[in-house]
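First up is the structure itself, then whatever we jot down about it.
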Amino acid sequence: MSKITKSARNEDCQIRIPGICNFDHSTTVFCHVGGGGMALKSHDILGAYGCSACHNAIDGRMRTDYTTDELKLMHLEGVARTQIILIEKELISVK
C-alpha cells in the first residue's frame, strides 16, 4: 500500500452516496476509479476516501437505485474532495 492509500484509514467518507453511505470512518478505504484494466488499479491520484457501503456500491457489489453514471459522478466528486485533503496532508502537491 502507498502512503496515499494508507492515508484513508479513519478518514470520513468523501463519496457520500445518499441513502447508502454509512458514515462510519472505521470502514473507510481508498476507492480507486475504474479504468486500470482487468485486476489493475488506477493511479492513486484517481481515488477517493470511501466507507465500506459506498465502496460496495461503486464497485457493483451492492444494488442501488442509482445509475452507473450517477455512481461514477458521485465517486468523481469524492475524488475531488479527497484530492483537497491529500494536498492538505502534503501527500500530493500542485506546482
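Ordered as shown in the C-alpha cells, chains take letters A, B, and onward, while each chain numbers its residues from 1 and ligands are numbered from 1 in the order shown.
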Inset, instruction - Fewer than 2 positions away in the same chain doesn't count, so skip those; otherwise give me all residues within 7 Å of stretch 49-56 of chain A, counting only C-alpha atoms, as number ranges by chain. - result: A: 8, 11, 13-17, 20-25, 27-31, 58-62, 82
Inset, instruction - Using DSSP on the backbone, list every residue of chain A that comes out as strand (DSSP E or B), and give them as a list of chain:residue names. - result: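 Residues meeting the strand (DSSP E or B) criterion: A:Val29, A:Phe30, A:Cys31, A:His32, A:Gly47, A:Ala48, A:Tyr49, A:Gly50.
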Legend entry - Point-to-point distance in Å for atom CA of A:Ile84 and atom CA of A:Met1: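 These atoms are spaced 20.3 Å apart.
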Inset, instruction - Would you please give, as a VMD selection string, all residues of chain A that DSSP assigns to alpha helix (DSSP H) based on the backbone? - result: chain A and resid 3 to 6 52 to 58 68 to 88
Keeping only N, CA and C atoms, take the residues you just selected and write them out as an mmCIF file, in the first residue's frame.
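result12.cif was written with the following content:
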```cif
data_model
loop_
_atom_site.group_PDB
_atom_site.id
_atom_site.type_symbol
_atom_site.label_atom_id
_atom_site.label_comp_id
_atom_site.auth_asym_id
_atom_site.auth_seq_id
_atom_site.Cartn_x
_atom_site.Cartn_y
_atom_site.Cartn_z
ATOM 1 N N LYS A 3 1.485 5.480 0.586
ATOM 2 C CA LYS A 3 1.138 6.447 1.628
ATOM 3 C C LYS A 3 -0.262 7.005 1.401
ATOM 4 N N ILE A 4 -0.625 7.181 0.128
ATOM 5 C CA ILE A 4 -1.953 7.730 -0.183
ATOM 6 C C ILE A 4 -3.051 6.747 0.199
ATOM 7 N N THR A 5 -2.902 5.487 -0.180
ATOM 8 C CA THR A 5 -3.950 4.522 0.167
ATOM 9 C C THR A 5 -4.017 4.308 1.681
ATOM 10 N N LYS A 6 -2.877 4.314 2.340
ATOM 11 C CA LYS A 6 -2.858 4.176 3.800
ATOM 12 C C LYS A 6 -3.521 5.367 4.482
ATOM 13 N N SER A 52 -17.251 1.572 3.596
ATOM 14 C CA SER A 52 -17.470 0.242 3.014
ATOM 15 C C SER A 52 -18.745 0.201 2.171
ATOM 16 N N ALA A 53 -19.794 0.900 2.587
ATOM 17 C CA ALA A 53 -21.049 0.866 1.842
ATOM 18 C C ALA A 53 -20.914 1.575 0.492
ATOM 19 N N CYS A 54 -20.321 2.765 0.498
ATOM 20 C CA CYS A 54 -20.127 3.481 -0.772
ATOM 21 C C CYS A 54 -19.191 2.702 -1.686
ATOM 22 N N HIS A 55 -18.148 2.102 -1.110
ATOM 23 C CA HIS A 55 -17.214 1.298 -1.906
ATOM 24 C C HIS A 55 -17.940 0.128 -2.564
ATOM 25 N N ASN A 56 -18.777 -0.550 -1.821
ATOM 26 C CA ASN A 56 -19.543 -1.667 -2.374
ATOM 27 C C ASN A 56 -20.473 -1.198 -3.493
ATOM 28 N N ALA A 57 -21.077 -0.029 -3.321
ATOM 29 C CA ALA A 57 -21.994 0.491 -4.344
ATOM 30 C C ALA A 57 -21.253 0.852 -5.628
ATOM 31 N N ILE A 58 -20.137 1.565 -5.518
ATOM 32 C CA ILE A 58 -19.439 1.980 -6.743
ATOM 33 C C ILE A 58 -18.755 0.814 -7.435
ATOM 34 N N THR A 68 -25.367 3.784 -13.276
ATOM 35 C CA THR A 68 -23.905 3.699 -13.305
ATOM 36 C C THR A 68 -23.294 5.090 -13.429
ATOM 37 N N ASP A 69 -23.881 5.933 -14.272
ATOM 38 C CA ASP A 69 -23.364 7.290 -14.442
ATOM 39 C C ASP A 69 -23.494 8.115 -13.169
ATOM 40 N N GLU A 70 -24.592 7.963 -12.447
ATOM 41 C CA GLU A 70 -24.767 8.692 -11.192
ATOM 42 C C GLU A 70 -23.713 8.252 -10.164
ATOM 43 N N LEU A 71 -23.468 6.951 -10.079
ATOM 44 C CA LEU A 71 -22.457 6.437 -9.152
ATOM 45 C C LEU A 71 -21.063 6.927 -9.541
ATOM 46 N N LYS A 72 -20.776 6.943 -10.838
ATOM 47 C CA LYS A 72 -19.479 7.446 -11.299
ATOM 48 C C LYS A 72 -19.305 8.915 -10.938
ATOM 49 N N LEU A 73 -20.354 9.704 -11.118
ATOM 50 C CA LEU A 73 -20.287 11.127 -10.792
ATOM 51 C C LEU A 73 -20.045 11.330 -9.296
ATOM 52 N N MET A 74 -20.767 10.599 -8.456
ATOM 53 C CA MET A 74 -20.570 10.740 -7.016
ATOM 54 C C MET A 74 -19.165 10.318 -6.603
ATOM 55 N N HIS A 75 -18.652 9.285 -7.271
ATOM 56 C CA HIS A 75 -17.282 8.845 -6.991
ATOM 57 C C HIS A 75 -16.296 9.945 -7.384
ATOM 58 N N LEU A 76 -16.474 10.516 -8.566
ATOM 59 C CA LEU A 76 -15.561 11.570 -9.028
ATOM 60 C C LEU A 76 -15.649 12.823 -8.150
ATOM 61 N N GLU A 77 -16.837 13.142 -7.663
ATOM 62 C CA GLU A 77 -16.957 14.256 -6.718
ATOM 63 C C GLU A 77 -16.161 13.943 -5.444
ATOM 64 N N GLY A 78 -16.205 12.682 -5.020
ATOM 65 C CA GLY A 78 -15.411 12.252 -3.867
ATOM 66 C C GLY A 78 -13.925 12.323 -4.144
ATOM 67 N N VAL A 79 -13.526 12.016 -5.379
ATOM 68 C CA VAL A 79 -12.116 12.128 -5.770
ATOM 69 C C VAL A 79 -11.657 13.579 -5.599
ATOM 70 N N ALA A 80 -12.465 14.529 -6.064
ATOM 71 C CA ALA A 80 -12.112 15.946 -5.955
ATOM 72 C C ALA A 80 -11.959 16.348 -4.489
ATOM 73 N N ARG A 81 -12.905 15.939 -3.639
ATOM 74 C CA ARG A 81 -12.817 16.272 -2.211
ATOM 75 C C ARG A 81 -11.582 15.620 -1.581
ATOM 76 N N THR A 82 -11.300 14.382 -1.977
ATOM 77 C CA THR A 82 -10.150 13.661 -1.437
ATOM 78 C C THR A 82 -8.847 14.322 -1.875
ATOM 79 N N GLN A 83 -8.783 14.800 -3.114
ATOM 80 C CA GLN A 83 -7.562 15.456 -3.578
ATOM 81 C C GLN A 83 -7.239 16.686 -2.741
ATOM 82 N N ILE A 84 -8.245 17.438 -2.333
ATOM 83 C CA ILE A 84 -8.021 18.597 -1.460
ATOM 84 C C ILE A 84 -7.409 18.138 -0.138
ATOM 85 N N ILE A 85 -7.936 17.061 0.417
ATOM 86 C CA ILE A 85 -7.406 16.523 1.675
ATOM 87 C C ILE A 85 -5.968 16.064 1.490
ATOM 88 N N LEU A 86 -5.689 15.387 0.375
ATOM 89 C CA LEU A 86 -4.328 14.900 0.109
ATOM 90 C C LEU A 86 -3.340 16.047 -0.046
ATOM 91 N N ILE A 87 -3.778 17.152 -0.633
ATOM 92 C CA ILE A 87 -2.925 18.338 -0.732
ATOM 93 C C ILE A 87 -2.662 18.887 0.669
ATOM 94 N N GLU A 88 -3.712 18.982 1.474
ATOM 95 C CA GLU A 88 -3.557 19.488 2.845
ATOM 96 C C GLU A 88 -2.632 18.591 3.670
#
```
